[in-house]
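J.: One structure, as structure tokens, below. Some questions next.
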Amino acid sequence: FSVALPLGADSITAVYSGSAGYTGSTSGALSISARALTSTTFSASPTTQLYNNPIVLTAQVSSSTAGTTAGTMTGTVSFFDGNTVIGTAAIGSTGLATYADSSLATGSHSLTAAYSGDSNFQASASTGTAIAITVGTVNLDLGGDQNQSVVPGAAVSYSFPLSPLVTPTFIYDVHLTATGL
């Protein structure tokens with residue numbers, strides 16, 4: 001026998017009405033929680049960042065029954081770097097959870113998000129490819145321009161790349177000093 005249960009906590013018992021020679025009986029109650037399906041989408045901004053600068057992680061948990069038959073979602077979203085939890089945030093009334101992290105080590109990271117679920121909503125994890133994050137340090141490689149000769153009072157130019165680029169333009173201040181002149 002199968003039946004569609006309403007969302008939320010349900011208590012089910014089986015009742016035998018009895019027959020000739022057999023007395024009727026009722027089973028003990030079985031508690032079942034029917035929970036609504038959820039889906040979690042995940043984003044990060046920016047996806048390239050300098051070490052010790054924040055990356056904002058955002059998860060949106062949604063359900064086709066949220067706010068109607070199943071009520072308002074509660075619970076938390078955990079943000080993962082591979083299999084390691086890097087932060088947890090409570091979801092708001094709209095299913096949105098954000099977390100800013102500035103502790104990722106330099107290098108590449110693969111980030112995902114997972115919703116914990118609650119008594120009315122099932123847990124879910126972000127789907128698709130994990131978001132690739134690159135955290136770097138400033139690289140001021142002078143290359144072959146390290147040593148130049150110049151006569152007193154004249155100018156000399158140095159050309160060097162700055163990386164990583166967080167936006168199309170390098171947005172951080174760079175201060176240079178000269179010694180041994």
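Each chain of the structure tokens is named A, B, ... in the order shown, its residues numbered from 1; ligands are numbered from 1 in display order.
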Which residues, written as number ranges by chain, have at least one atom at most 12 Å from Ser119 of chain A, with only C-alpha atoms counted and residues fewer than 6 positions away on the same chain left out?

T.: A: 7-10, 32-37, 70-75

J.: Quick one: distance from atom CA of Ala114 of chain A to atom CA of Val77 of chain A in Å, one decimal?

T.: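 Those two atoms sit 5.4 Å apart.
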
J.: With a distance cut-off of 9 Å and only C-alpha atoms, select the neighbouring residues of Ala113 of chain A, excluding the residue or stretch itself and same-chain residues fewer than 6 positions from it, and output the selection as a PDB file with all heavy atoms, in the first residue's frame.

T.:
ATOM      1  N   THR A  40      20.085  23.625  -4.699  1.00  0.00           N
ATOM      2  CA  THR A  40      21.020  24.661  -4.255  1.00  0.00           C
ATOM      3  C   THR A  40      21.869  25.110  -5.426  1.00  0.00           C
ATOM      4  O   THR A  40      22.500  24.290  -6.094  1.00  0.00           O
ATOM      5  CB  THR A  40      21.932  24.124  -3.131  1.00  0.00           C
ATOM      6  OG1 THR A  40      21.104  23.706  -2.038  1.00  0.00           O
ATOM      7  CG2 THR A  40      22.903  25.181  -2.651  1.00  0.00           C
ATOM      8  N   THR A  41      21.863  26.419  -5.690  1.00  0.00           N
ATOM      9  CA  THR A  41      22.762  26.991  -6.688  1.00  0.00           C
ATOM     10  C   THR A  41      23.828  27.784  -5.947  1.00  0.00           C
ATOM     11  O   THR A  41      23.574  28.337  -4.878  1.00  0.00           O
ATOM     12  CB  THR A  41      22.015  27.895  -7.681  1.00  0.00           C
ATOM     13  OG1 THR A  41      21.302  28.893  -6.968  1.00  0.00           O
ATOM     14  CG2 THR A  41      21.034  27.098  -8.514  1.00  0.00           C
ATOM     15  N   PHE A  42      25.013  27.849  -6.512  1.00  0.00           N
ATOM     16  CA  PHE A  42      26.164  28.418  -5.823  1.00  0.00           C
ATOM     17  C   PHE A  42      26.937  29.336  -6.753  1.00  0.00           C
ATOM     18  O   PHE A  42      27.085  29.054  -7.939  1.00  0.00           O
ATOM     19  CB  PHE A  42      27.053  27.266  -5.336  1.00  0.00           C
ATOM     20  CG  PHE A  42      28.364  27.688  -4.742  1.00  0.00           C
ATOM     21  CD1 PHE A  42      28.412  28.520  -3.641  1.00  0.00           C
ATOM     22  CD2 PHE A  42      29.557  27.249  -5.283  1.00  0.00           C
ATOM     23  CE1 PHE A  42      29.617  28.907  -3.095  1.00  0.00           C
ATOM     24  CE2 PHE A  42      30.769  27.618  -4.738  1.00  0.00           C
ATOM     25  CZ  PHE A  42      30.790  28.455  -3.642  1.00  0.00           C
ATOM     26  N   SER A  43      27.432  30.450  -6.196  1.00  0.00           N
ATOM     27  CA  SER A  43      28.291  31.351  -6.967  1.00  0.00           C
ATOM     28  C   SER A  43      29.346  31.940  -6.047  1.00  0.00           C
ATOM     29  O   SER A  43      29.197  31.927  -4.822  1.00  0.00           O
ATOM     30  CB  SER A  43      27.476  32.474  -7.619  1.00  0.00           C
ATOM     31  OG  SER A  43      26.856  33.272  -6.633  1.00  0.00           O
ATOM     32  N   LEU A  57      30.960  34.132  -1.078  1.00  0.00           N
ATOM     33  CA  LEU A  57      30.328  32.897  -1.511  1.00  0.00           C
ATOM     34  C   LEU A  57      28.822  33.034  -1.287  1.00  0.00           C
ATOM     35  O   LEU A  57      28.385  33.447  -0.210  1.00  0.00           O
ATOM     36  CB  LEU A  57      30.875  31.719  -0.715  1.00  0.00           C
ATOM     37  CG  LEU A  57      32.408  31.621  -0.649  1.00  0.00           C
ATOM     38  CD1 LEU A  57      32.830  30.479   0.249  1.00  0.00           C
ATOM     39  CD2 LEU A  57      32.994  31.472  -2.038  1.00  0.00           C
ATOM     40  N   THR A  58      28.027  32.691  -2.286  1.00  0.00           N
ATOM     41  CA  THR A  58      26.574  32.850  -2.204  1.00  0.00           C
ATOM     42  C   THR A  58      25.898  31.548  -2.619  1.00  0.00           C
ATOM     43  O   THR A  58      26.235  30.983  -3.661  1.00  0.00           O
ATOM     44  CB  THR A  58      26.099  33.983  -3.134  1.00  0.00           C
ATOM     45  OG1 THR A  58      26.791  35.184  -2.779  1.00  0.00           O
ATOM     46  CG2 THR A  58      24.605  34.208  -3.018  1.00  0.00           C
ATOM     47  N   ALA A  59      24.951  31.101  -1.795  1.00  0.00           N
ATOM     48  CA  ALA A  59      24.147  29.924  -2.130  1.00  0.00           C
ATOM     49  C   ALA A  59      22.678  30.323  -2.091  1.00  0.00           C
ATOM     50  O   ALA A  59      22.239  31.016  -1.179  1.00  0.00           O
ATOM     51  CB  ALA A  59      24.413  28.794  -1.149  1.00  0.00           C
ATOM     52  N   VAL A  77      23.785  26.593   5.317  1.00  0.00           N
ATOM     53  CA  VAL A  77      24.525  26.186   4.130  1.00  0.00           C
ATOM     54  C   VAL A  77      25.994  26.119   4.528  1.00  0.00           C
ATOM     55  O   VAL A  77      26.521  27.053   5.133  1.00  0.00           O
ATOM     56  CB  VAL A  77      24.336  27.176   2.959  1.00  0.00           C
ATOM     57  CG1 VAL A  77      25.290  26.859   1.823  1.00  0.00           C
ATOM     58  CG2 VAL A  77      22.898  27.152   2.473  1.00  0.00           C
ATOM     59  N   SER A  78      26.627  25.009   4.210  1.00  0.00           N
ATOM     60  CA  SER A  78      28.063  24.858   4.440  1.00  0.00           C
ATOM     61  C   SER A  78      28.776  25.028   3.114  1.00  0.00           C
ATOM     62  O   SER A  78      28.337  24.496   2.088  1.00  0.00           O
ATOM     63  CB  SER A  78      28.384  23.489   5.036  1.00  0.00           C
ATOM     64  OG  SER A  78      27.816  23.379   6.317  1.00  0.00           O
ATOM     65  N   PHE A  79      29.866  25.781   3.146  1.00  0.00           N
ATOM     66  CA  PHE A  79      30.670  26.019   1.958  1.00  0.00           C
ATOM     67  C   PHE A  79      31.929  25.169   2.065  1.00  0.00           C
ATOM     68  O   PHE A  79      32.591  25.164   3.102  1.00  0.00           O
ATOM     69  CB  PHE A  79      31.001  27.503   1.837  1.00  0.00           C
ATOM     70  CG  PHE A  79      29.779  28.361   1.659  1.00  0.00           C
ATOM     71  CD1 PHE A  79      29.180  28.973   2.740  1.00  0.00           C
ATOM     72  CD2 PHE A  79      29.214  28.536   0.403  1.00  0.00           C
ATOM     73  CE1 PHE A  79      28.040  29.750   2.581  1.00  0.00           C
ATOM     74  CE2 PHE A  79      28.075  29.311   0.231  1.00  0.00           C
ATOM     75  CZ  PHE A  79      27.484  29.912   1.326  1.00  0.00           C
ATOM     76  N   PHE A  80      32.249  24.451   0.985  1.00  0.00           N
ATOM     77  CA  PHE A  80      33.351  23.489   0.988  1.00  0.00           C
ATOM     78  C   PHE A  80      34.442  23.880   0.007  1.00  0.00           C
ATOM     79  O   PHE A  80      34.163  24.346  -1.090  1.00  0.00           O
ATOM     80  CB  PHE A  80      32.838  22.102   0.576  1.00  0.00           C
ATOM     81  CG  PHE A  80      31.931  21.446   1.579  1.00  0.00           C
ATOM     82  CD1 PHE A  80      30.574  21.713   1.575  1.00  0.00           C
ATOM     83  CD2 PHE A  80      32.439  20.572   2.518  1.00  0.00           C
ATOM     84  CE1 PHE A  80      29.728  21.106   2.487  1.00  0.00           C
ATOM     85  CE2 PHE A  80      31.614  19.959   3.436  1.00  0.00           C
ATOM     86  CZ  PHE A  80      30.252  20.228   3.421  1.00  0.00           C
ATOM     87  N   SER A 124      20.278  19.447   0.217  1.00  0.00           N
ATOM     88  CA  SER A 124      20.704  19.422  -1.182  1.00  0.00           C
ATOM     89  C   SER A 124      22.095  20.035  -1.279  1.00  0.00           C
ATOM     90  O   SER A 124      22.525  20.763  -0.393  1.00  0.00           O
ATOM     91  CB  SER A 124      19.723  20.173  -2.084  1.00  0.00           C
ATOM     92  OG  SER A 124      19.629  21.531  -1.719  1.00  0.00           O
ATOM     93  N   ALA A 125      22.771  19.721  -2.367  1.00  0.00           N
ATOM     94  CA  ALA A 125      24.112  20.260  -2.612  1.00  0.00           C
ATOM     95  C   ALA A 125      24.118  20.943  -3.966  1.00  0.00           C
ATOM     96  O   ALA A 125      23.303  20.626  -4.842  1.00  0.00           O
ATOM     97  CB  ALA A 125      25.152  19.148  -2.576  1.00  0.00           C
ATOM     98  N   SER A 126      25.038  21.883  -4.125  1.00  0.00           N
ATOM     99  CA  SER A 126      25.152  22.558  -5.417  1.00  0.00           C
ATOM    100  C   SER A 126      25.487  21.525  -6.482  1.00  0.00           C
ATOM    101  O   SER A 126      26.200  20.564  -6.228  1.00  0.00           O
ATOM    102  CB  SER A 126      26.199  23.671  -5.364  1.00  0.00           C
ATOM    103  OG  SER A 126      27.459  23.170  -4.963  1.00  0.00           O
ATOM    104  N   THR A 127      24.947  21.737  -7.661  1.00  0.00           N
ATOM    105  CA  THR A 127      25.133  20.772  -8.738  1.00  0.00           C
ATOM    106  C   THR A 127      26.063  21.350  -9.795  1.00  0.00           C
ATOM    107  O   THR A 127      26.354  22.542  -9.804  1.00  0.00           O
ATOM    108  CB  THR A 127      23.785  20.414  -9.384  1.00  0.00           C
ATOM    109  OG1 THR A 127      23.176  21.617  -9.854  1.00  0.00           O
ATOM    110  CG2 THR A 127      22.862  19.731  -8.391  1.00  0.00           C
ATOM    111  N   ALA A 130      32.163  22.320  -9.745  1.00  0.00           N
ATOM    112  CA  ALA A 130      32.540  23.185  -8.628  1.00  0.00           C
ATOM    113  C   ALA A 130      33.147  24.467  -9.177  1.00  0.00           C
ATOM    114  O   ALA A 130      33.701  24.487 -10.280  1.00  0.00           O
ATOM    115  CB  ALA A 130      33.533  22.462  -7.732  1.00  0.00           C
TER     116      ALA A 130
END

J.: Neighbours of Ser108 of chain A within 12 Å (only C-alpha atoms; same-chain residues fewer than 6 positions away dropped), as a list of chain:residue names?

T.: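 Near neighbours after the sequence-gap exclusion: A:Thr47, A:Thr48, A:Gln49, A:Leu50, A:Tyr51, A:Asp81, A:Gly82, A:Ala130, A:Ile131, A:Ala132, A:Ile133, A:Thr134, A:Val135, A:Gly136.
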
J.: Taking the chain letters and numbering used in this document, name the residues of segment 32-119 of chain A that DSSP puts in strand (DSSP E), as a PyMOL selection string.

T.: chain A and resi 32-34+39-45+48-50+55-62+76-81+84-90+96-101+107-115

J.: Just to confirm, what's the straight-line distance from atom CA of Phe121 of chain A to atom CA of Ala97 of chain A in Å (one decimal)?

T.: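 About the pair atom CA of Phe121 of chain A and atom CA of Ala97 of chain A: they are 15.6 Å apart.
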